[in-house]
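Next comes start.cif, with mmCIF, C-alpha atoms.
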```cif
data_data
#
loop_
_atom_site.label_atom_id
_atom_site.label_comp_id
_atom_site.auth_asym_id
_atom_site.auth_seq_id
_atom_site.Cartn_x
_atom_site.Cartn_y
_atom_site.Cartn_z
CA MET A 677 -29.84 20.69 -0.14
CA ASN A 678 -27.31 23.17 1.13
CA THR A 679 -24.54 24.13 -1.32
CA SER A 680 -21.81 23.71 1.30
CA VAL A 681 -22.94 20.13 1.95
CA LEU A 682 -22.98 19.45 -1.78
CA PHE A 683 -19.53 20.99 -2.12
CA ASP A 684 -18.21 18.81 0.73
CA ILE A 685 -19.62 15.68 -0.88
CA PHE A 686 -18.10 16.59 -4.26
CA SER A 687 -14.78 17.51 -2.62
CA ASN A 688 -14.55 14.20 -0.73
CA PHE A 689 -15.51 12.26 -3.85
CA SER A 690 -12.89 14.02 -5.99
CA LYS A 691 -10.17 13.51 -3.35
CA ASN A 692 -10.99 9.81 -3.03
CA LEU A 693 -11.06 9.47 -6.82
CA PHE A 694 -7.64 11.13 -7.04
CA TYR A 695 -6.22 8.78 -4.37
CA PHE A 696 -7.78 5.80 -6.14
CA ILE A 697 -6.15 6.84 -9.41
CA ILE A 698 -2.73 7.20 -7.74
CA LEU A 699 -3.06 3.80 -6.07
CA PHE A 700 -4.31 2.26 -9.33
CA ILE A 701 -1.27 3.66 -11.15
CA SER A 702 0.98 2.10 -8.52
CA LEU A 703 -0.91 -1.17 -9.01
CA ASN A 704 -0.20 -0.97 -12.75
CA ILE A 705 3.48 -0.22 -12.10
CA GLU A 706 3.62 -3.25 -9.84
CA SER A 707 2.02 -5.43 -12.51
CA SER A 708 4.37 -4.12 -15.19
CA LEU A 709 7.37 -4.99 -13.02
CA ARG A 710 6.37 -8.64 -13.30
CA PHE A 711 7.37 -8.57 -16.96
CA LEU A 712 11.00 -8.01 -15.99
CA THR A 713 12.91 -11.25 -15.64
CA PHE A 714 14.27 -10.18 -12.23
CA PHE A 715 10.74 -9.92 -10.79
CA GLU A 716 9.25 -12.88 -12.65
CA GLU A 717 8.37 -14.87 -9.53
CA ALA A 718 7.34 -11.99 -7.27
CA SER A 719 7.32 -8.23 -7.73
CA PRO A 720 7.65 -5.67 -4.92
CA SER A 721 4.44 -4.51 -3.31
CA ILE A 722 4.48 -0.88 -4.42
CA LEU A 723 0.80 -0.55 -3.63
CA SER A 724 1.33 -1.37 0.05
CA ILE A 725 4.22 1.11 0.19
CA MET A 726 2.04 3.85 -1.29
CA MET A 727 -0.78 2.99 1.12
CA TYR A 728 1.60 3.26 4.08
CA ILE A 729 2.91 6.61 2.83
CA PHE A 730 -0.64 7.91 2.33
CA LEU A 731 -1.73 6.78 5.77
CA ARG A 732 1.40 7.60 7.76
CA GLU A 733 3.31 10.37 6.06
CA LEU A 734 0.49 12.31 4.40
CA SER A 735 -2.21 11.52 7.01
CA ILE A 736 -4.75 10.64 4.33
CA ASN A 737 -7.61 8.43 5.45
CA LEU A 738 -8.22 5.93 2.66
CA SER A 739 -11.74 4.57 2.53
CA ASN A 740 -12.36 0.89 3.17
CA LEU A 741 -14.44 0.59 -0.01
CA MET A 742 -11.56 1.94 -2.09
CA LEU A 743 -9.12 -0.53 -0.52
CA PHE A 744 -11.57 -3.38 -0.99
CA THR A 745 -12.02 -2.44 -4.66
CA LEU A 746 -8.26 -2.19 -5.19
CA GLY A 747 -7.84 -5.57 -3.52
CA ILE A 748 -10.37 -7.20 -5.85
CA LEU A 749 -8.69 -5.59 -8.87
CA TYR A 750 -5.32 -6.77 -7.56
CA ASP A 751 -6.61 -10.33 -7.15
CA VAL A 752 -8.08 -10.38 -10.65
CA LEU A 753 -4.98 -8.84 -12.21
CA PHE A 754 -2.54 -11.22 -10.51
CA ALA A 755 -4.84 -14.29 -10.55
CA GLU A 756 -4.87 -14.72 -6.78
CA ASN A 757 -7.66 -15.91 -4.50
CA ILE A 758 -10.44 -13.33 -4.49
CA GLY A 759 -10.47 -11.37 -1.25
CA THR A 760 -6.98 -12.10 0.04
CA SER A 761 -5.49 -8.82 -1.16
CA SER A 762 -8.50 -6.89 0.12
CA LEU A 763 -7.89 -8.43 3.53
CA PHE A 764 -4.19 -7.56 3.23
CA PHE A 765 -4.85 -3.90 2.36
CA LEU A 766 -7.44 -3.47 5.09
CA VAL A 767 -5.10 -5.01 7.67
CA ILE A 768 -2.31 -2.64 6.55
CA LYS A 769 -4.70 0.29 7.00
CA TYR A 770 -5.86 -0.90 10.41
CA ILE A 771 -2.37 -1.58 11.77
CA THR A 772 -0.95 1.66 10.36
CA GLN A 773 -3.70 3.74 11.93
CA HIS A 774 -3.61 1.99 15.29
CA ILE A 775 0.11 1.46 15.91
CA ASN A 776 1.55 3.60 18.67
CA TYR A 777 3.90 6.21 17.21
CA LYS A 778 4.64 8.04 20.45
CA TYR A 779 8.23 6.81 20.58
CA ILE A 780 9.10 8.19 17.15
CA ASN A 781 11.29 11.28 17.41
CA ASP A 782 11.76 11.72 13.70
CA ASN A 783 11.09 9.83 10.49
CA ASN A 784 14.27 7.75 10.67
CA GLU A 785 12.40 4.85 12.26
CA ASP A 786 9.78 4.82 9.52
CA TRP A 787 11.42 1.88 7.78
CA ILE A 788 11.25 -0.19 10.96
CA TYR A 789 7.56 0.57 11.43
CA PHE A 790 6.83 -0.24 7.78
CA THR A 791 8.71 -3.52 8.20
CA ILE A 792 6.66 -4.45 11.24
CA ILE A 793 3.38 -3.48 9.57
CA PHE A 794 4.16 -5.15 6.24
CA ILE A 795 5.43 -8.42 7.70
CA SER A 796 2.56 -8.73 10.18
CA SER A 797 -0.03 -7.96 7.48
CA PHE A 798 1.62 -10.37 5.08
CA PHE A 799 1.71 -13.04 7.79
CA ILE A 800 -2.06 -12.69 8.29
CA LYS A 801 -2.58 -12.95 4.51
CA PHE A 802 -0.23 -15.94 4.37
CA ILE A 803 -2.14 -17.79 7.11
CA PHE A 804 -5.41 -17.00 5.33
CA ILE A 805 -4.05 -18.42 2.05
CA ILE A 806 -2.82 -21.57 3.83
CA PHE A 807 -6.29 -22.19 5.28
CA LEU A 808 -7.93 -21.40 1.94
CA ASN A 809 -5.74 -23.65 -0.21
CA MET A 810 -4.97 -26.31 2.44
CA LYS A 811 -1.29 -26.37 1.48
CA ILE A 812 1.84 -24.42 2.30
CA PRO A 813 3.19 -22.43 -0.67
CA ASP A 814 6.85 -22.23 -1.67
CA PHE A 815 8.86 -19.89 0.58
CA ASN A 816 11.38 -18.59 -1.99
CA PRO A 817 8.99 -16.23 -3.85
CA ILE A 818 7.43 -15.12 -0.56
CA LEU A 819 10.77 -14.21 1.02
CA PHE A 820 11.88 -12.52 -2.21
CA HIS A 821 8.63 -10.50 -2.29
CA ILE A 822 9.05 -9.37 1.32
CA GLY A 823 12.75 -8.62 0.89
CA ILE A 824 12.49 -6.64 -2.32
CA THR A 825 9.55 -4.64 -0.96
CA LEU A 826 11.53 -3.71 2.15
CA ILE A 827 14.56 -2.78 0.02
CA ILE A 828 12.54 -0.56 -2.35
CA PHE A 829 10.63 1.24 0.44
CA PRO A 830 13.36 3.81 1.33
CA PHE A 831 13.91 4.69 -2.34
CA ILE A 832 10.22 5.43 -2.87
CA VAL A 833 10.08 7.51 0.33
CA VAL A 834 13.15 9.52 -0.73
CA GLY A 835 11.61 10.06 -4.18
CA ILE A 836 8.34 11.31 -2.73
CA LYS A 837 10.14 13.57 -0.26
CA PHE A 838 12.25 14.97 -3.11
CA ILE A 839 9.12 15.73 -5.14
CA TYR A 840 7.58 17.38 -2.06
CA PHE A 841 10.75 19.43 -1.52
CA VAL A 842 10.87 20.60 -5.15
CA THR A 843 7.19 21.60 -5.16
CA LYS A 844 7.65 23.46 -1.88
CA LEU A 845 10.73 25.19 -3.33
CA ILE A 846 8.83 26.22 -6.46
CA LYS A 847 5.94 27.64 -4.42
CA ASN A 848 8.27 29.81 -2.36
#
```

What's the structure tokens form of this structure?
Amino acid sequence: MNTSVLFDIFSNFSKNLFYFIILFISLNIESSLRFLTFFEEASPSILSIMMYIFLRELSINLSNLMLFTLGILYDVLFAENIGTSSLFFLVIKYITQHINYKYINDNNEDWIYFTIIFISSFFIKFIFIIFLNMKIPDFNPILFHIGITLIIFPFIVVGIKFIYFVTKLIKN
């Protein structure tokens, strides 16, 4: 086996492991937010925000197996139907990679695109849960979850851009 091929395999594995660890940390932050009384019914989806930032801002291609594994862990951690979060994460990846960004002049419209992607992905997950459980869930936690996720998105983006700016400033 060629050493460059072995190095490429090890490099891809280590990058995917690093991305998995970052997404798993955001999953744990999301689960710890549920212990606050403000987010008792529904916490913001920090994991979907981080996935969007990875896919859109950083142009990182997350593997489907990693998203499927994170979805199963998410379902087990939050006691949801197995497979619904995996479907949600894969739909976010698919829509983010295939949406047409040719009309974006700068990153000011990023919040609008995240809103479209998040709501459409959540709608697909919501329809899937309705068919799975044969009943319509309560709308208050769902609307709170969508609203608080869309409110927190710009703050996370500004925080990540600030960290990127500081690291770029330190390097120069």

Given the file shown, enumerate the residues that the PyMOL selection byres ((chain A and resi 797) around 10) captures and present them as an MDAnalysis selection string. chainID A and resid 763:771 791:796 798:802

Export C-alpha atoms of the chosen residues as a short mmCIF file (atom, residue, chain, number, x, y, z; two decimals), keeping the file's coordinate frame?
```cif
data_model
loop_
_atom_site.label_atom_id
_atom_site.label_comp_id
_atom_site.auth_asym_id
_atom_site.auth_seq_id
_atom_site.Cartn_x
_atom_site.Cartn_y
_atom_site.Cartn_z
CA LEU A 763 -7.89 -8.43 3.53
CA PHE A 764 -4.19 -7.56 3.23
CA PHE A 765 -4.85 -3.90 2.36
CA LEU A 766 -7.44 -3.47 5.09
CA VAL A 767 -5.10 -5.01 7.67
CA ILE A 768 -2.31 -2.64 6.55
CA LYS A 769 -4.70 0.29 7.00
CA TYR A 770 -5.86 -0.90 10.41
CA ILE A 771 -2.37 -1.58 11.77
CA THR A 791 8.71 -3.52 8.20
CA ILE A 792 6.66 -4.45 11.24
CA ILE A 793 3.38 -3.48 9.57
CA PHE A 794 4.16 -5.15 6.24
CA ILE A 795 5.43 -8.42 7.70
CA SER A 796 2.56 -8.73 10.18
CA PHE A 798 1.62 -10.37 5.08
CA PHE A 799 1.71 -13.04 7.79
CA ILE A 800 -2.06 -12.69 8.29
CA LYS A 801 -2.58 -12.95 4.51
CA PHE A 802 -0.23 -15.94 4.37
#
```

Return as a PyMOL selection string the set of residues that the PyMOL selection byres ((chain A and resi 730) around 12) yields on the displayed structure. chain A and resi 692+695-696+698-699+723-729+731-739+768-769+772-773+833+836

Atom pair atom CA of A:Leu819 + atom CA of A:Phe714, distance 14.3 Å

Surrounding residues of A:Glu706 excluding itself and chain neighbours under 3 positions, 6 Å, all atoms listed in the file, as number ranges by chain: A: 703, 709, 722

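Atom pair atom CA of A:Ile822 / atom CA of A:Phe841: separated by 29.0 Å.
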
Point-to-point distance in Å for atom CA of A:Phe715 and atom CA of A:Ile827: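 Spanning atom CA of A:Ile827 to atom CA of A:Phe715 is a straight-line distance of 13.5 Å.
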
Point out the residue among A:Glu756, A:Ser690, A:Lys837, A:Tyr789 with the least atom-to-atom distance to A:His774, counting only C-alpha atoms.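 Counting only C-alpha atoms, the residue closest to A:His774 is A:Tyr789.
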
Name the closest residue to A:Val752 among the candidates A:Asp684, A:Ile812, A:Ser707, A:Ser719; distances are taken between atoms, counting only C-alpha atoms. A:Ser707

Long-range neighbours of A:Ala718 as a VMD selection string, 8 Å cut-off, only C-alpha atoms, 6 positions minimum in chain: chain A and resid 710 817 to 818 820 to 821

Go ahead and save the picked residues with C-alpha atoms, as an mmCIF file, in the coordinates of the input.
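Result file selection23.cif:
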```cif
data_model
loop_
_atom_site.group_PDB
_atom_site.id
_atom_site.type_symbol
_atom_site.label_atom_id
_atom_site.label_comp_id
_atom_site.auth_asym_id
_atom_site.auth_seq_id
_atom_site.Cartn_x
_atom_site.Cartn_y
_atom_site.Cartn_z
ATOM 1 C CA ARG A 710 6.370 -8.640 -13.300
ATOM 2 C CA PRO A 817 8.990 -16.230 -3.850
ATOM 3 C CA ILE A 818 7.430 -15.120 -0.560
ATOM 4 C CA PHE A 820 11.880 -12.520 -2.210
ATOM 5 C CA HIS A 821 8.630 -10.500 -2.290
#
```

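In this comparison, which uses only C-alpha atoms, the residue of A:Ile788, A:Ile806, A:Ile705, A:Ser687 approaching A:Ser721 most closely is A:Ile705.
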